[in-house]
Each structure stands twice: as structure tokens, then as C-alpha cells.
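*Asks:* Okay, here's the structure, questions in a sec.
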Amino acid sequence: MGRLEAATTHSGAVASSQPWSTDPDGYYAGIDAAVRDAGLDAPTLALDLAALEHNIADLTARAAGVPIRLASKSLRVRSIIDDVVARDGFAGLLAYDVAEAQWLATESNIDDVLLGYPSVRRAALADLLADDVALTRVTLLVDDVAQLDVIDSVVSPAHRSAVRVAIDLDASLRLFGGRVHLGVRRSPVHDADAALTLARAIVARPGFALVGVMSYEAQVAGVADDVDGKPLMNRATRAMQRVSMLELRRRRGAIISSLRELADIEIVNAGGTGSLEETARDGSVTDIAAGSGLFGGHLFDGYRRFQPAPALMFGLDVTRRPAPKIITCAGGGWIASGPPAPDRLPRPVWPAGLSYVGTEAAGEVQTPLTGDAASTLVPGDRVWFRHTKSGEVCERARTVALIGRDQNGQARVDDLVPTYRGEEKCYL
């Protein structure tokens, strides 16, 4: 039993009763009371352990036996990463920065760390290349021989151990000769010719070992298909996703088969929280990336296939009342990455009925909110929010309060653990 599982065992059937859905007002009110009883100032991050366990179970069930590679960028709390990556159903880590990968491979003793993005950060690469232990555990991602040139310029092949590399295979859907591109703009390596050309260059080059492939189908994993009030768009999204996964399974499977004739491909990573079921159907995949689904940001409220529990939330203090139905919170501009739009804003969830003032929205140092609930709030009260995604919010706080429950189901702060920022780590 992991430490987090042990912390939630006290609550008995609390996890199965799903208070976040059966009594959301009581769920957030209990967490607010627990944080206040612990004397924690805002802004406060709180992680409900019963909800986290629910999400872990949901992810592993949806993966249908395919190992999950934990995406660190979606968590950014090392104690949580350490606990989850060691569990059944999880295998290895998907890191987002070279220095982070080295840190987790050595400090957390994680022996399989795949970079999710190429890097040309010379100082970080120099540190990795000088670390013989980390070099055996970390796999760098490449999609261009120029990235290999950068590595060689830092330390020549004659003066280092072989560097493990994986190819980033573009998983987007391209139609009409590439004139229509559905997916993120990542790798230029899209077809078999491009993949084999790069693979041959890696295999022939001293100082590198081709061991893996990564491909992220963002147009499936990262696009909601059950958005309220948009039935036509939802149907079009689902149709696009079906076509995309059919095309990708065929293309990716054929490319992996060809690559295996050139090198010992250990890792074929793909997918994300939003595509676990579909990616698990691809027989060429060895593991599926997922992370955001553990904390359950509100981005996933618009997905038909699953509904994660809102495990992570943050509380802000009410500092003033500029009008009878308007309150102002300190801070709040914790806006998620992606195309600027209202769905990237944190969502106020407790007290219920609060919304943004349209002329200001979530502000850098203050956030005004309006609604009937504002009439009952006074300076010193607290408002709780859900972040759009997950890991980014941990860049805003040094600690996370872990919320467990006593025998009566009452929320309490079981522990206070550091985020990456709390451990003095800042990557991207």
C-alpha cells in the first residue's frame, strides 16, 4: 500500500461515495474548514486524497492493462509522482525538461524517464551527459539531426557514454495533401520515409542509441467532445477523432514495424489522459502518457468518455467588497496554457454561483467575482477554484495540503508537501 493509499484508508467508504458529485457544496466546504483548522494562509493548494485515488483507479481501468507513463508536467509534486509511478499499472515517467528528468532519475530513483520534448539547453545537457547514472535512465526526444548536433557540441561522442534517444513521431491528422492539419504543431517527422531517414541517421551516428518512439495524438487526447450547448461541434469532433485514430493506428503500426528492423525499440509511448481507451487499442504502443487526469482539472468536464473527480483545487482570500454583489479575491490570474479563451481561466466552484466580472476576469493580483453568493461573503472568507489543467497551478504555490478524512468522513489536513517550486525547482 502506498503512502497516499494509507492516508485515505481512514475514510473507509468515503472514496466510493464520491462526495464531489453527490454533495459538492459539502465537499468544498469541508476542505475549506480543514485548511482553516490547519491555519494555512491563502493562496492554498489542496489535494483531496480520496478523489486522487478515484482518478488513479479510473485511469488504470481505462488503460485496459497498457502501462501508464506518468506525465510529470501535469503534477509537479515529487511526492505524488514518486507514489504513483511505483504503483501497479504505471511504468516510467514522461518528463518535460532535461534538468527535471535528471533530477527525478537520480533523486527519486526513477529508472525510466522519457523526455516529452526535444531540448537544446546546453548547460542542462552538459549536466546530464556528465551523470552516468542518469544517462542509463533518461531517454532524450529528437525529431531533427540538428538536435543531435547540439548534444555532440556539448560533449563529443568520444568523451561520453551513449545517449538514449527516441523519435518524436507526429500524430496529427493531415488531410488534402497536408493542407488541413488537425493536431498540435510538434514534430516534422510524420510519414514512414521521414521516420526511417532520421532513424538511419541516429543508428549510424556514434554516441547515440535509438531506443524509442513517442507520438501524441492531441486532437483526440486534448479536445473535448461533450461540451455543453454545442451538439453539432461535439458530433464533428467525435467523427474527426474516429477517423484520426484509425489513420494513426495504421500509420504508427507500420512505422514501428519498420523501425524495429533498424533498432531495438523498447519504448513506444503515445496518447494522453483524454485518449487512454483509444490509444490502448493500438498494438504497437508499449505505454500511454497520462497525468492531468489525476488532479482532474475542469478541462476534462467536457469529455464524454470519462469524468475525473476534482481532486486538486486552490483557495483565495476575499479581501474587499467593492459593491453589494461583488467581492474581490487576492490573486487568481492562474491562467492555463493554450489558445486564450474563457475555458483557460480557473473556475470558481465554492461558494456556488460566483462568476467573473467580464471587464477584468482573473487578475494578476486581484480577481473580482460577482453573483448572489457575493452578498454573503466578507473580507477574510475564502473562495475555491479549479484550475483548467493541472500541473501549471503548482508553479504558483510552494506546498500542497493533502486532504484525508477521519472515521466520520470529516476532511482534515493529513500532510503538507512541497511542489517543485517548494523544492526550489523551476524549469519551464
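For the C-alpha cells, the naming scheme is as follows: chains receive sequential letters (A, B, ...) according to their order of presentation, residues are indexed from 1 within each chain, and ligands are indexed from 1 in presentation order.
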Name the residues of region 144-238 of chain A that fall into alpha helix (DSSP H) according to DSSP on the backbone, using the chain letters and numbers of this document, as number ranges by chain.
*Replies:* A: 145-154, 192-203, 218-221, 231-238
*Asks:* So that I can see what lies close to Arg69 (chain A), please list as a PDB file with C-alpha atoms, in the first residue's frame the residues with an atom at most 7 Å from it, counting only C-alpha atoms and leaving out residues fewer than 2 positions away in the same chain.
*Replies:*
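In the end it all went to result10.pdb:
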ATOM      1  CA  PRO A  67       1.067   0.621 -18.648  1.00  0.00           C
ATOM      2  CA  ALA A  71       3.387  12.870 -17.212  1.00  0.00           C
ATOM      3  CA  PHE A  90       2.194   2.625 -14.092  1.00  0.00           C
ATOM      4  CA  ALA A  91       5.580   2.297 -15.766  1.00  0.00           C
ATOM      5  CA  GLY A  92       8.082   5.099 -16.078  1.00  0.00           C
ATOM      6  CA  LEU A  93       7.844   8.836 -16.338  1.00  0.00           C
ATOM      7  CA  LEU A  94       7.317  11.374 -19.126  1.00  0.00           C
ATOM      8  CA  ASP A 287       2.813   2.673 -22.728  1.00  0.00           C
ATOM      9  CA  ILE A 288       0.361   5.579 -22.637  1.00  0.00           C
ATOM     10  CA  ALA A 289       1.140   9.011 -21.215  1.00  0.00           C
ATOM     11  CA  ALA A 290      -1.284  10.456 -18.666  1.00  0.00           C
TER      12      ALA A 290
END
*Asks:* Would you give me, as number ranges by chain, the residues in region 128-248 of chain A that DSSP reads as strand (DSSP E)?
*Replies:* A: 138-142, 163-168, 173-175, 180-182, 208-215
*Asks:* Once you count only C-alpha atoms, what closest atom pair and distance in Å to one decimal does each residue of region 194-251 of chain A within 10 Å of region 155-167 of chain A have, with rows by chain and rising residue number, as JSON lines?
*Replies:*
{"residue": "A:Ala195", "atom": "CA", "partner": "A:Ile167", "partner_atom": "CA", "distance": 7.7}
{"residue": "A:Leu198", "atom": "CA", "partner": "A:Ile167", "partner_atom": "CA", "distance": 8.0}
{"residue": "A:Ala199", "atom": "CA", "partner": "A:Ile167", "partner_atom": "CA", "distance": 7.7}
{"residue": "A:Ile202", "atom": "CA", "partner": "A:Val165", "partner_atom": "CA", "distance": 8.5}
{"residue": "A:Arg205", "atom": "CA", "partner": "A:Pro157", "partner_atom": "CA", "distance": 9.2}
{"residue": "A:Pro206", "atom": "CA", "partner": "A:Pro157", "partner_atom": "CA", "distance": 6.2}
{"residue": "A:Gly207", "atom": "CA", "partner": "A:Ala162", "partner_atom": "CA", "distance": 4.4}
{"residue": "A:Phe208", "atom": "CA", "partner": "A:Val163", "partner_atom": "CA", "distance": 4.7}
{"residue": "A:Ala209", "atom": "CA", "partner": "A:Arg164", "partner_atom": "CA", "distance": 4.9}
{"residue": "A:Leu210", "atom": "CA", "partner": "A:Val165", "partner_atom": "CA", "distance": 5.1}
{"residue": "A:Val211", "atom": "CA", "partner": "A:Ala166", "partner_atom": "CA", "distance": 5.8}
{"residue": "A:Gly212", "atom": "CA", "partner": "A:Ala166", "partner_atom": "CA", "distance": 4.2}
{"residue": "A:Val213", "atom": "CA", "partner": "A:Ile167", "partner_atom": "CA", "distance": 4.7}
{"residue": "A:Met214", "atom": "CA", "partner": "A:Ile167", "partner_atom": "CA", "distance": 6.2}
{"residue": "A:Ser215", "atom": "CA", "partner": "A:Ile167", "partner_atom": "CA", "distance": 8.5}
*Asks:* Pick out the residues sitting within 9 Å of Asp282 (chain A), and hand them over as a PyMOL selection string; count only C-alpha atoms, and ignore anything fewer than 6 positions along from it in its own chain.
*Replies:* chain A and resi 245+248-250+252-253
*Asks:* Could the residues in this selection be written to a file with N, CA, C and O atoms, as a tab-separated table (two decimals), in the first residue's frame?
*Replies:*
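Printed below is part-v4.tsv as written:
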chain	number	residue	atom	x	y	z
A	245	MET	N	-7.87	8.36	-35.24
A	245	MET	CA	-7.28	7.20	-34.58
A	245	MET	C	-7.15	6.02	-35.53
A	245	MET	O	-6.18	5.25	-35.45
A	248	LEU	N	-4.10	6.86	-37.59
A	248	LEU	CA	-2.88	6.84	-36.80
A	248	LEU	C	-2.47	5.42	-36.44
A	248	LEU	O	-1.28	5.08	-36.48
A	249	ARG	N	-3.42	4.59	-36.06
A	249	ARG	CA	-3.07	3.21	-35.72
A	249	ARG	C	-2.40	2.51	-36.90
A	249	ARG	O	-1.42	1.77	-36.72
A	250	ARG	N	-2.92	2.73	-38.09
A	250	ARG	CA	-2.32	2.10	-39.27
A	250	ARG	C	-0.93	2.65	-39.55
A	250	ARG	O	0.03	1.90	-39.76
A	252	ARG	N	1.14	4.50	-37.54
A	252	ARG	CA	2.10	4.28	-36.47
A	252	ARG	C	2.55	2.83	-36.41
A	252	ARG	O	3.74	2.53	-36.25
A	253	GLY	N	1.61	1.90	-36.55
A	253	GLY	CA	1.97	0.49	-36.51
A	253	GLY	C	2.96	0.11	-37.60
A	253	GLY	O	3.93	-0.63	-37.36
*Asks:* Rank A:Cys394, A:Ala51, A:Ala61, A:Leu428 by their smallest atom-to-atom distance to Ser119 (chain A), using only C-alpha atoms, and report the top residue only.
*Replies:*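 That would be A:Leu428, the residue with the smallest distance to Ser119 (chain A).
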*Asks:* Excluding region 357-362 of chain A and any residue of its chain fewer than 6 positions from it, enumerate the residues within 6 Å of it, using only C-alpha atoms, and give them as a ChimeraX atom specification.
*Replies:* /A:332-333,369
*Asks:* Determine the nearest neighbour of Leu47 (chain A) from the options A:Ala352, A:Gln410, A:Gly315, A:Ser72, counting only C-alpha atoms.
*Replies:*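 Smallest separation from Leu47 (chain A) among the options: A:Gly315.
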*Asks:* Between CA of Tyr427 (chain A) and CA of Leu125 (chain A), what is the spacing in Å?
*Replies:*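 Rounded to one decimal, the two atoms are 13.4 Å apart.
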*Asks:* Go through A:Ile151, A:Gly65, A:Glu53, A:His181 and flag the residue nearest Val98 (chain A), using only C-alpha atoms for the distances.
*Replies:*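 Going through A:Ile151, A:Gly65, A:Glu53, A:His181 one by one, the smallest distance to Val98 (chain A) is for A:Ile151.
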*Asks:* Would you please work out which residue, of A:Leu135, A:Leu115, A:Tyr27, A:Val203, is nearest to Ala50 (chain A) when using only C-alpha atoms?
*Replies:*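 Selected residue with least distance to Ala50 (chain A): A:Tyr27.
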*Asks:* If we count only C-alpha atoms, what is near Ala123 (chain A) at a cut-off of 12 Å, once residues fewer than 3 positions away on the same chain are taken out, given as a ChimeraX atom specification?
*Replies:* /A:98-99,119-120,126-130,150-151,153-155
*Asks:* Please produce an output containing N, CA, C and O atoms for each residue in the selection, written as an mmCIF file, in the first residue's frame.
*Replies:*
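Result file follows (selection37.cif):
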data_model
loop_
_atom_site.group_PDB
_atom_site.id
_atom_site.type_symbol
_atom_site.label_atom_id
_atom_site.label_comp_id
_atom_site.auth_asym_id
_atom_site.auth_seq_id
_atom_site.Cartn_x
_atom_site.Cartn_y
_atom_site.Cartn_z
ATOM 1 N N VAL A 98 15.009 18.625 -19.448
ATOM 2 C CA VAL A 98 16.199 17.794 -19.241
ATOM 3 C C VAL A 98 16.653 17.815 -17.789
ATOM 4 O O VAL A 98 16.929 16.764 -17.189
ATOM 5 N N ALA A 99 16.736 19.002 -17.208
ATOM 6 C CA ALA A 99 17.186 19.090 -15.815
ATOM 7 C C ALA A 99 16.203 18.399 -14.884
ATOM 8 O O ALA A 99 16.601 17.742 -13.904
ATOM 9 N N SER A 119 15.260 19.130 -26.479
ATOM 10 C CA SER A 119 15.883 20.223 -25.739
ATOM 11 C C SER A 119 17.242 20.559 -26.338
ATOM 12 O O SER A 119 17.975 19.669 -26.773
ATOM 13 N N VAL A 120 17.538 21.851 -26.356
ATOM 14 C CA VAL A 120 18.870 22.307 -26.771
ATOM 15 C C VAL A 120 19.486 23.165 -25.664
ATOM 16 O O VAL A 120 20.348 23.998 -25.917
ATOM 17 N N ALA A 126 24.766 19.315 -20.548
ATOM 18 C CA ALA A 126 26.111 19.026 -20.028
ATOM 19 C C ALA A 126 26.030 18.294 -18.692
ATOM 20 O O ALA A 126 26.780 17.335 -18.444
ATOM 21 N N ASP A 127 25.115 18.726 -17.835
ATOM 22 C CA ASP A 127 24.947 18.063 -16.538
ATOM 23 C C ASP A 127 24.480 16.620 -16.729
ATOM 24 O O ASP A 127 24.956 15.702 -16.052
ATOM 25 N N LEU A 128 23.551 16.408 -17.646
ATOM 26 C CA LEU A 128 23.070 15.052 -17.891
ATOM 27 C C LEU A 128 24.173 14.171 -18.458
ATOM 28 O O LEU A 128 24.357 13.028 -18.012
ATOM 29 N N LEU A 129 24.918 14.687 -19.413
ATOM 30 C CA LEU A 129 25.956 13.892 -20.059
ATOM 31 C C LEU A 129 27.093 13.537 -19.103
ATOM 32 O O LEU A 129 27.824 12.567 -19.345
ATOM 33 N N ALA A 130 27.230 14.301 -18.023
ATOM 34 C CA ALA A 130 28.257 14.010 -17.024
ATOM 35 C C ALA A 130 27.772 13.055 -15.943
ATOM 36 O O ALA A 130 28.551 12.658 -15.072
ATOM 37 N N VAL A 150 23.644 19.481 -31.491
ATOM 38 C CA VAL A 150 23.777 20.257 -30.255
ATOM 39 C C VAL A 150 24.360 19.382 -29.148
ATOM 40 O O VAL A 150 25.261 19.803 -28.405
ATOM 41 N N ILE A 151 23.859 18.168 -29.020
ATOM 42 C CA ILE A 151 24.373 17.259 -27.991
ATOM 43 C C ILE A 151 25.858 16.994 -28.205
ATOM 44 O O ILE A 151 26.668 17.050 -27.262
ATOM 45 N N SER A 153 27.972 18.891 -29.677
ATOM 46 C CA SER A 153 28.752 20.101 -29.435
ATOM 47 C C SER A 153 28.987 20.344 -27.954
ATOM 48 O O SER A 153 29.930 21.027 -27.568
ATOM 49 N N VAL A 154 28.120 19.774 -27.127
ATOM 50 C CA VAL A 154 28.276 19.920 -25.673
ATOM 51 C C VAL A 154 29.358 18.968 -25.168
ATOM 52 O O VAL A 154 30.277 19.370 -24.439
ATOM 53 N N VAL A 155 29.257 17.709 -25.537
ATOM 54 C CA VAL A 155 30.275 16.704 -25.203
ATOM 55 C C VAL A 155 30.382 15.764 -26.409
ATOM 56 O O VAL A 155 29.385 15.172 -26.817
#
*Asks:* Pick out the residues sitting within 12 Å of Leu246 (chain A), and hand them over as a list in words; count only C-alpha atoms, and ignore anything fewer than 5 positions along from it in its own chain.
*Replies:*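 After dropping sequence-adjacent residues, the list is Ala171, Ser172, Leu173, Glu217, Val220, Ala239, Met240, Gln241, Arg251, Arg252, Gly253, Glu278, Thr279, Arg281 and Asp282 of chain A.
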*Asks:* Hey, can you check how far CA of Met233 (chain A) sits from CA of Gly302 (chain A)?
*Replies:* 11.9 Å
